[in-house]
>>> print(open('coords.pdb').read())   # PDB, C-alpha atoms, pLDDT in the B column
ATOM      1  CA  MET A 131     262.798-121.790 -24.609  1.00 57.00           C
ATOM      2  CA  ILE A 132     264.761-121.042 -27.789  1.00 68.00           C
ATOM      3  CA  LYS A 133     267.952-119.080 -27.237  1.00 76.00           C
ATOM      4  CA  LEU A 134     268.075-116.213 -29.700  1.00 86.00           C
ATOM      5  CA  LYS A 135     271.159-115.740 -31.843  1.00 95.00           C
ATOM      6  CA  LEU A 136     271.936-112.933 -34.253  1.00 97.00           C
ATOM      7  CA  PHE A 137     273.798-113.297 -37.540  1.00 97.00           C
ATOM      8  CA  VAL A 138     274.719-109.980 -39.145  1.00 97.00           C
ATOM      9  CA  THR A 139     276.110-109.684 -42.671  1.00 97.00           C
ATOM     10  CA  ASP A 140     277.272-106.789 -44.777  1.00 96.00           C
ATOM     11  CA  TYR A 141     275.909-106.874 -48.340  1.00 97.00           C
ATOM     12  CA  ASP A 142     278.418-105.556 -50.907  1.00 95.00           C
ATOM     13  CA  ASN A 143     281.538-107.727 -51.296  1.00 94.00           C
ATOM     14  CA  THR A 144     280.367-109.921 -48.422  1.00 96.00           C
ATOM     15  CA  LEU A 145     276.932-111.436 -48.924  1.00 97.00           C
ATOM     16  CA  TYR A 146     277.151-110.537 -52.601  1.00 97.00           C
ATOM     17  CA  ILE A 147     280.474-111.029 -54.367  1.00 95.00           C
ATOM     18  CA  ASP A 148     279.265-112.650 -57.573  1.00 96.00           C
ATOM     19  CA  GLU A 149     276.240-114.617 -58.751  1.00 96.00           C
ATOM     20  CA  GLU A 150     277.652-118.022 -57.847  1.00 95.00           C
ATOM     21  CA  SER A 151     278.708-117.048 -54.333  1.00 95.00           C
ATOM     22  CA  MET A 152     275.343-115.361 -53.805  1.00 97.00           C
ATOM     23  CA  LYS A 153     273.513-118.651 -54.378  1.00 96.00           C
ATOM     24  CA  LEU A 154     275.718-120.408 -51.843  1.00 97.00           C
ATOM     25  CA  ASN A 155     275.421-117.594 -49.304  1.00 97.00           C
ATOM     26  CA  ILE A 156     271.628-117.513 -49.513  1.00 97.00           C
ATOM     27  CA  GLN A 157     271.608-121.263 -48.967  1.00 97.00           C
ATOM     28  CA  LYS A 158     273.692-120.756 -45.819  1.00 97.00           C
ATOM     29  CA  LEU A 159     271.360-117.994 -44.595  1.00 98.00           C
ATOM     30  CA  ASN A 160     268.397-120.323 -45.005  1.00 97.00           C
ATOM     31  CA  GLU A 161     270.249-122.982 -43.002  1.00 97.00           C
ATOM     32  CA  LEU A 162     270.821-120.450 -40.234  1.00 96.00           C
ATOM     33  CA  LYS A 163     267.128-119.530 -40.291  1.00 95.00           C
ATOM     34  CA  GLU A 164     266.268-123.191 -39.786  1.00 94.00           C
ATOM     35  CA  LYS A 165     268.493-123.085 -36.686  1.00 94.00           C
ATOM     36  CA  ASP A 166     266.485-120.082 -35.399  1.00 92.00           C
ATOM     37  CA  TYR A 167     269.129-117.448 -36.070  1.00 96.00           C
ATOM     38  CA  ILE A 168     267.846-113.911 -36.551  1.00 97.00           C
ATOM     39  CA  ILE A 169     269.314-112.567 -39.799  1.00 98.00           C
ATOM     40  CA  VAL A 170     270.343-108.917 -40.108  1.00 98.00           C
ATOM     41  CA  ILE A 171     271.584-107.265 -43.289  1.00 98.00           C
ATOM     42  CA  SER A 172     273.854-104.382 -42.294  1.00 96.00           C
ATOM     43  CA  THR A 173     274.699-102.084 -45.185  1.00 95.00           C
ATOM     44  CA  GLY A 174     275.681 -98.614 -46.255  1.00 91.00           C
ATOM     45  CA  ARG A 175     272.875 -98.782 -48.807  1.00 93.00           C
ATOM     46  CA  SER A 176     269.500 -97.073 -48.470  1.00 94.00           C
ATOM     47  CA  ILE A 177     266.286 -99.021 -47.939  1.00 97.00           C
ATOM     48  CA  PRO A 178     265.113 -98.815 -51.605  1.00 97.00           C
ATOM     49  CA  SER A 179     268.509-100.035 -52.823  1.00 96.00           C
ATOM     50  CA  ILE A 180     268.823-103.028 -50.484  1.00 97.00           C
ATOM     51  CA  LYS A 181     265.126-103.910 -50.815  1.00 98.00           C
ATOM     52  CA  GLU A 182     265.625-104.219 -54.572  1.00 98.00           C
ATOM     53  CA  LYS A 183     268.424-106.751 -53.988  1.00 98.00           C
ATOM     54  CA  ILE A 184     266.442-108.665 -51.367  1.00 98.00           C
ATOM     55  CA  LEU A 185     263.551-109.110 -53.780  1.00 98.00           C
ATOM     56  CA  GLU A 186     265.829-109.920 -56.715  1.00 97.00           C
ATOM     57  CA  TYR A 187     267.675-112.719 -54.893  1.00 97.00           C
ATOM     58  CA  ASN A 188     264.979-113.722 -52.393  1.00 97.00           C
ATOM     59  CA  ILE A 189     267.323-113.070 -49.482  1.00 98.00           C
ATOM     60  CA  PRO A 190     266.023-114.281 -46.102  1.00 97.00           C
ATOM     61  CA  PHE A 191     266.230-111.638 -43.376  1.00 98.00           C
ATOM     62  CA  ASP A 192     264.576-110.354 -40.208  1.00 98.00           C
ATOM     63  CA  TYR A 193     266.044-106.853 -39.886  1.00 98.00           C
ATOM     64  CA  ILE A 194     267.884-104.361 -42.067  1.00 98.00           C
ATOM     65  CA  ASN A 195     270.529-102.024 -40.653  1.00 96.00           C
ATOM     66  CA  CYS A 196     270.751 -99.289 -43.319  1.00 95.00           C
ATOM     67  CA  ALA A 197     272.945 -96.265 -43.971  1.00 92.00           C
ATOM     68  CA  ASP A 198     275.810 -97.659 -41.843  1.00 91.00           C
ATOM     69  CA  GLY A 199     273.665 -98.151 -38.760  1.00 91.00           C
ATOM     70  CA  SER A 200     271.664 -94.920 -38.981  1.00 93.00           C
ATOM     71  CA  ILE A 201     268.266 -96.435 -39.786  1.00 96.00           C
ATOM     72  CA  LEU A 202     266.787 -99.827 -38.859  1.00 97.00           C
ATOM     73  CA  TYR A 203     263.817-101.636 -40.366  1.00 98.00           C
ATOM     74  CA  ASP A 204     261.995-104.883 -39.608  1.00 97.00           C
ATOM     75  CA  LYS A 205     261.190-107.709 -42.048  1.00 97.00           C
ATOM     76  CA  ASN A 206     258.161-105.764 -43.312  1.00 97.00           C
ATOM     77  CA  TYR A 207     260.366-102.761 -44.120  1.00 97.00           C
ATOM     78  CA  HIS A 208     258.806-100.783 -41.285  1.00 97.00           C
ATOM     79  CA  LEU A 209     261.009 -98.272 -39.494  1.00 97.00           C
ATOM     80  CA  ILE A 210     261.935 -99.302 -35.954  1.00 96.00           C
ATOM     81  CA  LYS A 211     264.748 -96.847 -35.167  1.00 95.00           C
ATOM     82  CA  SER A 212     266.604 -93.916 -36.673  1.00 95.00           C
ATOM     83  CA  PHE A 213     269.406 -91.686 -35.394  1.00 92.00           C
ATOM     84  CA  GLU A 214     268.895 -88.116 -36.541  1.00 91.00           C
ATOM     85  CA  LEU A 215     271.803 -85.918 -37.585  1.00 89.00           C
ATOM     86  CA  LYS A 216     271.524 -82.553 -35.842  1.00 84.00           C
ATOM     87  CA  LYS A 217     270.962 -79.678 -38.210  1.00 84.00           C
ATOM     88  CA  GLU A 218     273.687 -77.482 -36.661  1.00 85.00           C
ATOM     89  CA  ILE A 219     276.344 -79.256 -38.703  1.00 92.00           C
ATOM     90  CA  ILE A 220     274.523 -79.585 -42.027  1.00 92.00           C
ATOM     91  CA  ASN A 221     275.481 -76.134 -43.352  1.00 90.00           C
ATOM     92  CA  GLU A 222     279.114 -76.841 -42.475  1.00 93.00           C
ATOM     93  CA  ILE A 223     278.982 -80.084 -44.453  1.00 95.00           C
ATOM     94  CA  ILE A 224     277.544 -78.174 -47.409  1.00 94.00           C
ATOM     95  CA  ASN A 225     280.422 -75.668 -47.177  1.00 95.00           C
ATOM     96  CA  PHE A 226     282.905 -78.551 -47.113  1.00 97.00           C
ATOM     97  CA  LYS A 227     281.295 -80.054 -50.201  1.00 96.00           C
ATOM     98  CA  ASN A 228     281.256 -76.738 -52.058  1.00 96.00           C
ATOM     99  CA  ASN A 229     284.998 -76.242 -51.574  1.00 97.00           C
ATOM    100  CA  ILE A 230     286.172 -79.553 -52.994  1.00 97.00           C
ATOM    101  CA  SER A 231     285.843 -81.608 -56.169  1.00 97.00           C
ATOM    102  CA  TYR A 232     283.234 -84.295 -55.502  1.00 97.00           C
ATOM    103  CA  GLU A 233     280.951 -86.713 -57.364  1.00 97.00           C
ATOM    104  CA  GLU A 234     277.751 -86.438 -55.373  1.00 96.00           C
ATOM    105  CA  MET A 235     276.250 -85.740 -51.972  1.00 96.00           C
ATOM    106  CA  GLN A 236     274.113 -88.547 -50.558  1.00 95.00           C
ATOM    107  CA  ILE A 237     271.635 -87.402 -47.911  1.00 96.00           C
ATOM    108  CA  SER A 238     270.164 -90.214 -45.859  1.00 95.00           C
ATOM    109  CA  TYR A 239     266.427 -89.874 -45.250  1.00 96.00           C
ATOM    110  CA  ILE A 240     264.102 -92.491 -43.758  1.00 95.00           C
ATOM    111  CA  ASP A 241     262.778 -93.362 -47.217  1.00 95.00           C
ATOM    112  CA  GLY A 242     266.189 -93.492 -48.917  1.00 94.00           C
ATOM    113  CA  TYR A 243     269.123 -91.479 -50.215  1.00 94.00           C
ATOM    114  CA  SER A 244     268.685 -88.244 -52.122  1.00 96.00           C
ATOM    115  CA  ASN A 245     271.042 -85.670 -53.604  1.00 95.00           C
ATOM    116  CA  LEU A 246     268.573 -82.907 -52.703  1.00 95.00           C
ATOM    117  CA  LEU A 247     268.655 -81.232 -49.308  1.00 94.00           C
ATOM    118  CA  ASP A 248     265.283 -80.996 -47.529  1.00 95.00           C
ATOM    119  CA  LEU A 249     265.604 -79.605 -44.007  1.00 92.00           C
ATOM    120  CA  SER A 250     261.929 -80.319 -43.315  1.00 94.00           C
ATOM    121  CA  LYS A 251     262.743 -84.047 -43.225  1.00 94.00           C
ATOM    122  CA  GLU A 252     264.746 -86.011 -40.702  1.00 94.00           C
ATOM    123  CA  ILE A 253     268.311 -86.511 -41.901  1.00 95.00           C
ATOM    124  CA  SER A 254     270.211 -89.504 -40.554  1.00 94.00           C
ATOM    125  CA  GLY A 255     273.543 -88.825 -42.206  1.00 94.00           C
ATOM    126  CA  ILE A 256     275.365 -87.338 -45.174  1.00 96.00           C
ATOM    127  CA  ASN A 257     277.948 -88.938 -47.447  1.00 95.00           C
ATOM    128  CA  ILE A 258     280.174 -86.854 -49.696  1.00 97.00           C
ATOM    129  CA  VAL A 259     281.326 -89.150 -52.497  1.00 97.00           C
ATOM    130  CA  ILE A 260     284.739 -88.244 -53.905  1.00 98.00           C
ATOM    131  CA  HIS A 261     286.699 -89.911 -56.680  1.00 98.00           C
ATOM    132  CA  ASN A 262     289.972 -91.136 -55.222  1.00 97.00           C
ATOM    133  CA  ASN A 263     291.923 -89.159 -57.829  1.00 97.00           C
ATOM    134  CA  ASN A 264     290.369 -85.956 -56.467  1.00 97.00           C
ATOM    135  CA  ILE A 265     291.253 -86.472 -52.813  1.00 97.00           C
ATOM    136  CA  THR A 266     293.878 -83.811 -52.164  1.00 97.00           C
ATOM    137  CA  ASN A 267     295.585 -82.413 -49.101  1.00 97.00           C
ATOM    138  CA  LYS A 268     292.994 -79.618 -49.198  1.00 97.00           C
ATOM    139  CA  THR A 269     290.206 -82.210 -49.044  1.00 97.00           C
ATOM    140  CA  LYS A 270     291.777 -83.872 -46.018  1.00 96.00           C
ATOM    141  CA  THR A 271     292.490 -80.563 -44.287  1.00 97.00           C
ATOM    142  CA  LEU A 272     288.933 -79.258 -44.730  1.00 97.00           C
ATOM    143  CA  PHE A 273     287.478 -82.528 -43.465  1.00 97.00           C
ATOM    144  CA  ASN A 274     289.786 -82.481 -40.440  1.00 96.00           C
ATOM    145  CA  ASN A 275     288.774 -78.880 -39.767  1.00 96.00           C
ATOM    146  CA  LEU A 276     285.146 -79.968 -39.755  1.00 95.00           C
ATOM    147  CA  LYS A 277     285.960 -82.746 -37.284  1.00 95.00           C
ATOM    148  CA  GLU A 278     287.824 -80.353 -34.993  1.00 95.00           C
ATOM    149  CA  LYS A 279     285.046 -77.754 -35.066  1.00 94.00           C
ATOM    150  CA  TYR A 280     282.293 -80.284 -34.391  1.00 93.00           C
ATOM    151  CA  PRO A 281     283.905 -83.167 -32.490  1.00 93.00           C
ATOM    152  CA  ASP A 282     280.616 -84.554 -31.171  1.00 90.00           C
ATOM    153  CA  TYR A 283     279.741 -86.367 -34.410  1.00 93.00           C
ATOM    154  CA  ASN A 284     280.783 -89.619 -36.023  1.00 90.00           C
ATOM    155  CA  TYR A 285     283.154 -89.200 -38.974  1.00 93.00           C
ATOM    156  CA  LEU A 286     284.179 -92.038 -41.250  1.00 89.00           C
ATOM    157  CA  VAL A 287     286.040 -92.293 -44.545  1.00 92.00           C
ATOM    158  CA  TYR A 288     285.739 -95.594 -46.371  1.00 87.00           C
ATOM    159  CA  ASN A 289     286.668 -96.709 -49.836  1.00 88.00           C
ATOM    160  CA  HIS A 290     284.747 -98.513 -52.550  1.00 85.00           C
ATOM    161  CA  ILE A 291     287.125 -98.196 -55.503  1.00 89.00           C
ATOM    162  CA  PRO A 292     287.284 -95.828 -57.322  1.00 96.00           C
ATOM    163  CA  TYR A 293     285.355 -93.665 -54.827  1.00 96.00           C
ATOM    164  CA  SER A 294     285.745 -92.749 -51.174  1.00 96.00           C
ATOM    165  CA  TYR A 295     282.803 -91.906 -48.949  1.00 94.00           C
ATOM    166  CA  PHE A 296     283.268 -89.101 -46.436  1.00 96.00           C
ATOM    167  CA  SER A 297     280.483 -89.855 -43.986  1.00 93.00           C
ATOM    168  CA  ILE A 298     279.079 -87.750 -41.140  1.00 95.00           C
ATOM    169  CA  LYS A 299     276.508 -89.074 -38.679  1.00 92.00           C
ATOM    170  CA  GLN A 300     275.240 -88.523 -35.163  1.00 90.00           C
ATOM    171  CA  GLN A 301     277.760 -89.176 -32.414  1.00 87.00           C
ATOM    172  CA  GLY A 302     278.349 -92.878 -31.850  1.00 86.00           C
ATOM    173  CA  VAL A 303     276.341 -94.003 -34.864  1.00 90.00           C
ATOM    174  CA  SER A 304     277.859 -96.903 -36.778  1.00 90.00           C
ATOM    175  CA  LYS A 305     276.887-100.383 -37.892  1.00 93.00           C
ATOM    176  CA  ALA A 306     277.854-101.500 -34.377  1.00 93.00           C
ATOM    177  CA  LYS A 307     275.396 -98.974 -32.894  1.00 92.00           C
ATOM    178  CA  GLY A 308     272.580-100.471 -34.948  1.00 92.00           C
ATOM    179  CA  ILE A 309     273.465-103.967 -33.748  1.00 94.00           C
ATOM    180  CA  THR A 310     273.610-102.767 -30.146  1.00 94.00           C
ATOM    181  CA  PHE A 311     270.099-101.372 -30.491  1.00 94.00           C
ATOM    182  CA  LEU A 312     268.860-104.723 -31.832  1.00 95.00           C
ATOM    183  CA  LYS A 313     270.734-106.592 -29.103  1.00 95.00           C
ATOM    184  CA  GLU A 314     268.875-104.633 -26.444  1.00 95.00           C
ATOM    185  CA  TYR A 315     265.608-104.629 -28.397  1.00 93.00           C
ATOM    186  CA  LEU A 316     265.661-108.438 -28.659  1.00 94.00           C
ATOM    187  CA  ASN A 317     267.497-109.163 -25.383  1.00 94.00           C
ATOM    188  CA  ILE A 318     270.388-111.073 -26.985  1.00 95.00           C
ATOM    189  CA  GLN A 319     273.773-111.606 -25.339  1.00 93.00           C
ATOM    190  CA  ASN A 320     277.010-110.396 -26.957  1.00 93.00           C
ATOM    191  CA  ASN A 321     278.397-113.910 -27.317  1.00 94.00           C
ATOM    192  CA  ASP A 322     275.326-114.879 -29.363  1.00 96.00           C
ATOM    193  CA  ILE A 323     275.971-112.226 -32.019  1.00 97.00           C
ATOM    194  CA  TYR A 324     278.041-113.079 -35.103  1.00 97.00           C
ATOM    195  CA  VAL A 325     278.987-110.539 -37.758  1.00 96.00           C
ATOM    196  CA  ILE A 326     280.761-110.578 -41.104  1.00 96.00           C
ATOM    197  CA  GLY A 327     281.962-107.711 -43.295  1.00 95.00           C
ATOM    198  CA  ASP A 328     284.782-106.458 -45.484  1.00 93.00           C
ATOM    199  CA  SER A 329     285.282-102.699 -45.277  1.00 87.00           C
ATOM    200  CA  GLU A 330     286.115 -99.737 -43.040  1.00 85.00           C
ATOM    201  CA  ASN A 331     282.455 -99.163 -42.171  1.00 88.00           C
ATOM    202  CA  ASP A 332     282.320-102.728 -40.786  1.00 90.00           C
ATOM    203  CA  ILE A 333     285.318-102.430 -38.453  1.00 90.00           C
ATOM    204  CA  GLU A 334     283.455-101.339 -35.316  1.00 90.00           C
ATOM    205  CA  MET A 335     280.882-104.133 -35.476  1.00 92.00           C
ATOM    206  CA  LEU A 336     283.612-106.701 -36.279  1.00 93.00           C
ATOM    207  CA  LYS A 337     285.547-105.614 -33.194  1.00 93.00           C
ATOM    208  CA  GLU A 338     282.594-105.331 -30.836  1.00 92.00           C
ATOM    209  CA  TYR A 339     280.966-108.663 -31.621  1.00 93.00           C
ATOM    210  CA  ASN A 340     282.053-112.088 -32.895  1.00 87.00           C
ATOM    211  CA  GLY A 341     283.391-110.740 -36.187  1.00 89.00           C
ATOM    212  CA  VAL A 342     284.943-112.209 -39.298  1.00 89.00           C
ATOM    213  CA  CYS A 343     286.407-110.056 -42.074  1.00 90.00           C
ATOM    214  CA  VAL A 344     286.045-111.315 -45.640  1.00 79.00           C
TER     215      VAL A 344
END
>>> encode(input="coords.pdb", output="structure tokens")
Amino acid sequence: MIKLKLFVTDYDNTLYIDEESMKLNIQKLNELKEKDYIIVISTGRSIPSIKEKILEYNIPFDYINCADGSILYDKNYHLIKSFELKKEIINEIINFKNNISYEEMQISYIDGYSNLLDLSKEISGINIVIHNNNITNKTKTLFNNLKEKYPDYNYLVYNHIPYSYFSIKQQGVSKAKGITFLKEYLNIQNNDIYVIGDSENDIEMLKEYNGVCV
């Protein structure tokens, strides 16, 4: 009986750094596949965005952990799990956004990100994208007020220069949460899970499993 092992990689600035490193990294992923590793791409990107890159570079994979662990898909891009953001907090997030200077609001739906709010669809998270030059004490105070008013949600701020992403998701949802779901779904032990990433949204999965930071 083959012992299942999971290899999880972030995409931006990890799997992809530049064209040359991408070729080498894909070669390594194929070597892991030959050794019966299950490959997971764990990303803050939406499914249309990461699918485009997978097709462009012919990236081998078995599962995709999208929107920082909020939505998971199999190798056929079929949904296997999503973690819905409760609607009680959505209006508060809109108020936060309307009182600051921001670049865009990214709403995470099953079929991808959108800047348009549609309450008839399941929402798995919201990112408020703010240019670092526009992050003021008011921005921080309003975000902290939101966290204090609704503590039972997952709040994360991570930076991809020159922007920061103020992210709100269901309680406990993170890239690590997505991996935990797959671990239980596939019956894999913790010591057989290896992860690699580079940013704040990777920290929880790097700590919880066998993690390496780029």
>>> residues_around(input="coords.pdb", residues="range 300-316 of chain A", least_positions_apart="2", cutoff="6 Å", atoms="all atoms listed in the file", output="CSV table (one decimal) with C-alpha atoms, keeping the file's coordinate frame")
chain,number,residue,atom,x,y,z
A,198,ASP,CA,275.8,-97.7,-41.8
A,199,GLY,CA,273.7,-98.2,-38.8
A,215,LEU,CA,271.8,-85.9,-37.6
A,282,ASP,CA,280.6,-84.6,-31.2
A,283,TYR,CA,279.7,-86.4,-34.4
A,284,ASN,CA,280.8,-89.6,-36.0
A,318,ILE,CA,270.4,-111.1,-27.0
A,334,GLU,CA,283.5,-101.3,-35.3
A,335,MET,CA,280.9,-104.1,-35.5
>>> residues_near_point(input="coords.pdb", point="(271.5, -82.8, -39.1)", cutoff="12 Å", atoms="all atoms listed in the file", output="PDB file with C-alpha atoms, in the coordinates of the input")
ATOM      1  CA  PHE A 213     269.406 -91.686 -35.394  1.00 92.00           C
ATOM      2  CA  GLU A 214     268.895 -88.116 -36.541  1.00 91.00           C
ATOM      3  CA  LEU A 215     271.803 -85.918 -37.585  1.00 89.00           C
ATOM      4  CA  LYS A 216     271.524 -82.553 -35.842  1.00 84.00           C
ATOM      5  CA  LYS A 217     270.962 -79.678 -38.210  1.00 84.00           C
ATOM      6  CA  GLU A 218     273.687 -77.482 -36.661  1.00 85.00           C
ATOM      7  CA  ILE A 219     276.344 -79.256 -38.703  1.00 92.00           C
ATOM      8  CA  ILE A 220     274.523 -79.585 -42.027  1.00 92.00           C
ATOM      9  CA  ASN A 221     275.481 -76.134 -43.352  1.00 90.00           C
ATOM     10  CA  GLU A 222     279.114 -76.841 -42.475  1.00 93.00           C
ATOM     11  CA  ILE A 223     278.982 -80.084 -44.453  1.00 95.00           C
ATOM     12  CA  ILE A 224     277.544 -78.174 -47.409  1.00 94.00           C
ATOM     13  CA  ILE A 237     271.635 -87.402 -47.911  1.00 96.00           C
ATOM     14  CA  SER A 238     270.164 -90.214 -45.859  1.00 95.00           C
ATOM     15  CA  TYR A 239     266.427 -89.874 -45.250  1.00 96.00           C
ATOM     16  CA  LEU A 247     268.655 -81.232 -49.308  1.00 94.00           C
ATOM     17  CA  ASP A 248     265.283 -80.996 -47.529  1.00 95.00           C
ATOM     18  CA  LEU A 249     265.604 -79.605 -44.007  1.00 92.00           C
ATOM     19  CA  SER A 250     261.929 -80.319 -43.315  1.00 94.00           C
ATOM     20  CA  LYS A 251     262.743 -84.047 -43.225  1.00 94.00           C
ATOM     21  CA  GLU A 252     264.746 -86.011 -40.702  1.00 94.00           C
ATOM     22  CA  ILE A 253     268.311 -86.511 -41.901  1.00 95.00           C
ATOM     23  CA  SER A 254     270.211 -89.504 -40.554  1.00 94.00           C
ATOM     24  CA  GLY A 255     273.543 -88.825 -42.206  1.00 94.00           C
ATOM     25  CA  ILE A 256     275.365 -87.338 -45.174  1.00 96.00           C
ATOM     26  CA  TYR A 283     279.741 -86.367 -34.410  1.00 93.00           C
ATOM     27  CA  ASN A 284     280.783 -89.619 -36.023  1.00 90.00           C
ATOM     28  CA  ILE A 298     279.079 -87.750 -41.140  1.00 95.00           C
ATOM     29  CA  LYS A 299     276.508 -89.074 -38.679  1.00 92.00           C
ATOM     30  CA  GLN A 300     275.240 -88.523 -35.163  1.00 90.00           C
ATOM     31  CA  GLN A 301     277.760 -89.176 -32.414  1.00 87.00           C
TER      32      GLN A 301
END
>>> closest_residue(input="coords.pdb", among="A:Lys211, A:Lys135, A:Lys163, A:Lys158", to="Tyr324 in chain A", atoms="only C-alpha atoms")
A:Lys135
>>> residues_around(input="coords.pdb", residues="Phe191 in chain A", least_positions_apart="5", cutoff="9 Å", atoms="all atoms listed in the file", output="VMD selection string")
chain A and resid 159 163 168 to 171 184 204 to 205
>>> residues_around(input="coords.pdb", residues="Tyr288 in chain A", least_positions_apart="5", cutoff="10 Å", atoms="all atoms listed in the file", output="list of chain:residue names")
A:Val259, A:Tyr293, A:Ser294, A:Tyr295, A:Phe296, A:Ser297, A:Ser329, A:Glu330, A:Asn331, A:Asp332
>>> closest_residue(input="coords.pdb", among="A:Leu145, A:Asn320, A:Asn225, A:Ile156", to="Lys337 in chain A", atoms="all atoms listed in the file")
A:Asn320
>>> resolve_selection(input="coords.pdb", expression="the PyMOL selection byres ((chain A and resi 262) around 7)", output="NGL selection string")
:A and (260-261 or 263-265 or 292-294)
>>> decode(input="coords.pdb", residues="range 304-319 of chain A", atoms="N, CA and C atoms", output="mmCIF file, in the first residue's frame")
data_model
loop_
_atom_site.group_PDB
_atom_site.id
_atom_site.type_symbol
_atom_site.label_atom_id
_atom_site.label_comp_id
_atom_site.auth_asym_id
_atom_site.auth_seq_id
_atom_site.Cartn_x
_atom_site.Cartn_y
_atom_site.Cartn_z
ATOM 1 N N SER A 304 -7.980 29.730 6.883
ATOM 2 C CA SER A 304 -6.644 30.140 6.459
ATOM 3 C C SER A 304 -6.144 29.077 5.496
ATOM 4 N N LYS A 305 -4.962 29.282 4.951
ATOM 5 C CA LYS A 305 -4.371 28.234 4.115
ATOM 6 C C LYS A 305 -4.206 26.946 4.917
ATOM 7 N N ALA A 306 -3.880 27.073 6.205
ATOM 8 C CA ALA A 306 -3.737 25.886 7.051
ATOM 9 C C ALA A 306 -5.062 25.137 7.174
ATOM 10 N N LYS A 307 -6.172 25.871 7.249
ATOM 11 C CA LYS A 307 -7.495 25.251 7.360
ATOM 12 C C LYS A 307 -7.789 24.414 6.121
ATOM 13 N N GLY A 308 -7.432 24.933 4.949
ATOM 14 C CA GLY A 308 -7.638 24.185 3.722
ATOM 15 C C GLY A 308 -6.828 22.901 3.695
ATOM 16 N N ILE A 309 -5.592 22.977 4.193
ATOM 17 C CA ILE A 309 -4.735 21.786 4.234
ATOM 18 C C ILE A 309 -5.303 20.778 5.229
ATOM 19 N N THR A 310 -5.786 21.268 6.363
ATOM 20 C CA THR A 310 -6.371 20.365 7.355
ATOM 21 C C THR A 310 -7.567 19.617 6.774
ATOM 22 N N PHE A 311 -8.391 20.314 6.001
ATOM 23 C CA PHE A 311 -9.511 19.639 5.352
ATOM 24 C C PHE A 311 -9.007 18.531 4.430
ATOM 25 N N LEU A 312 -7.987 18.825 3.618
ATOM 26 C CA LEU A 312 -7.448 17.815 2.710
ATOM 27 C C LEU A 312 -6.796 16.667 3.476
ATOM 28 N N LYS A 313 -6.135 16.987 4.566
ATOM 29 C CA LYS A 313 -5.508 15.958 5.401
ATOM 30 C C LYS A 313 -6.549 14.934 5.859
ATOM 31 N N GLU A 314 -7.678 15.439 6.341
ATOM 32 C CA GLU A 314 -8.738 14.559 6.807
ATOM 33 C C GLU A 314 -9.464 13.890 5.644
ATOM 34 N N TYR A 315 -9.639 14.615 4.569
ATOM 35 C CA TYR A 315 -10.313 14.108 3.371
ATOM 36 C C TYR A 315 -9.543 12.936 2.764
ATOM 37 N N LEU A 316 -8.210 13.015 2.811
ATOM 38 C CA LEU A 316 -7.354 11.999 2.197
ATOM 39 C C LEU A 316 -6.732 11.046 3.207
ATOM 40 N N ASN A 317 -6.965 11.306 4.507
ATOM 41 C CA ASN A 317 -6.423 10.475 5.580
ATOM 42 C C ASN A 317 -4.889 10.440 5.533
ATOM 43 N N ILE A 318 -4.287 11.626 5.618
ATOM 44 C CA ILE A 318 -2.834 11.776 5.605
ATOM 45 C C ILE A 318 -2.377 12.274 6.970
ATOM 46 N N GLN A 319 -1.255 11.764 7.441
ATOM 47 C CA GLN A 319 -0.718 12.156 8.741
ATOM 48 C C GLN A 319 0.029 13.489 8.644
#
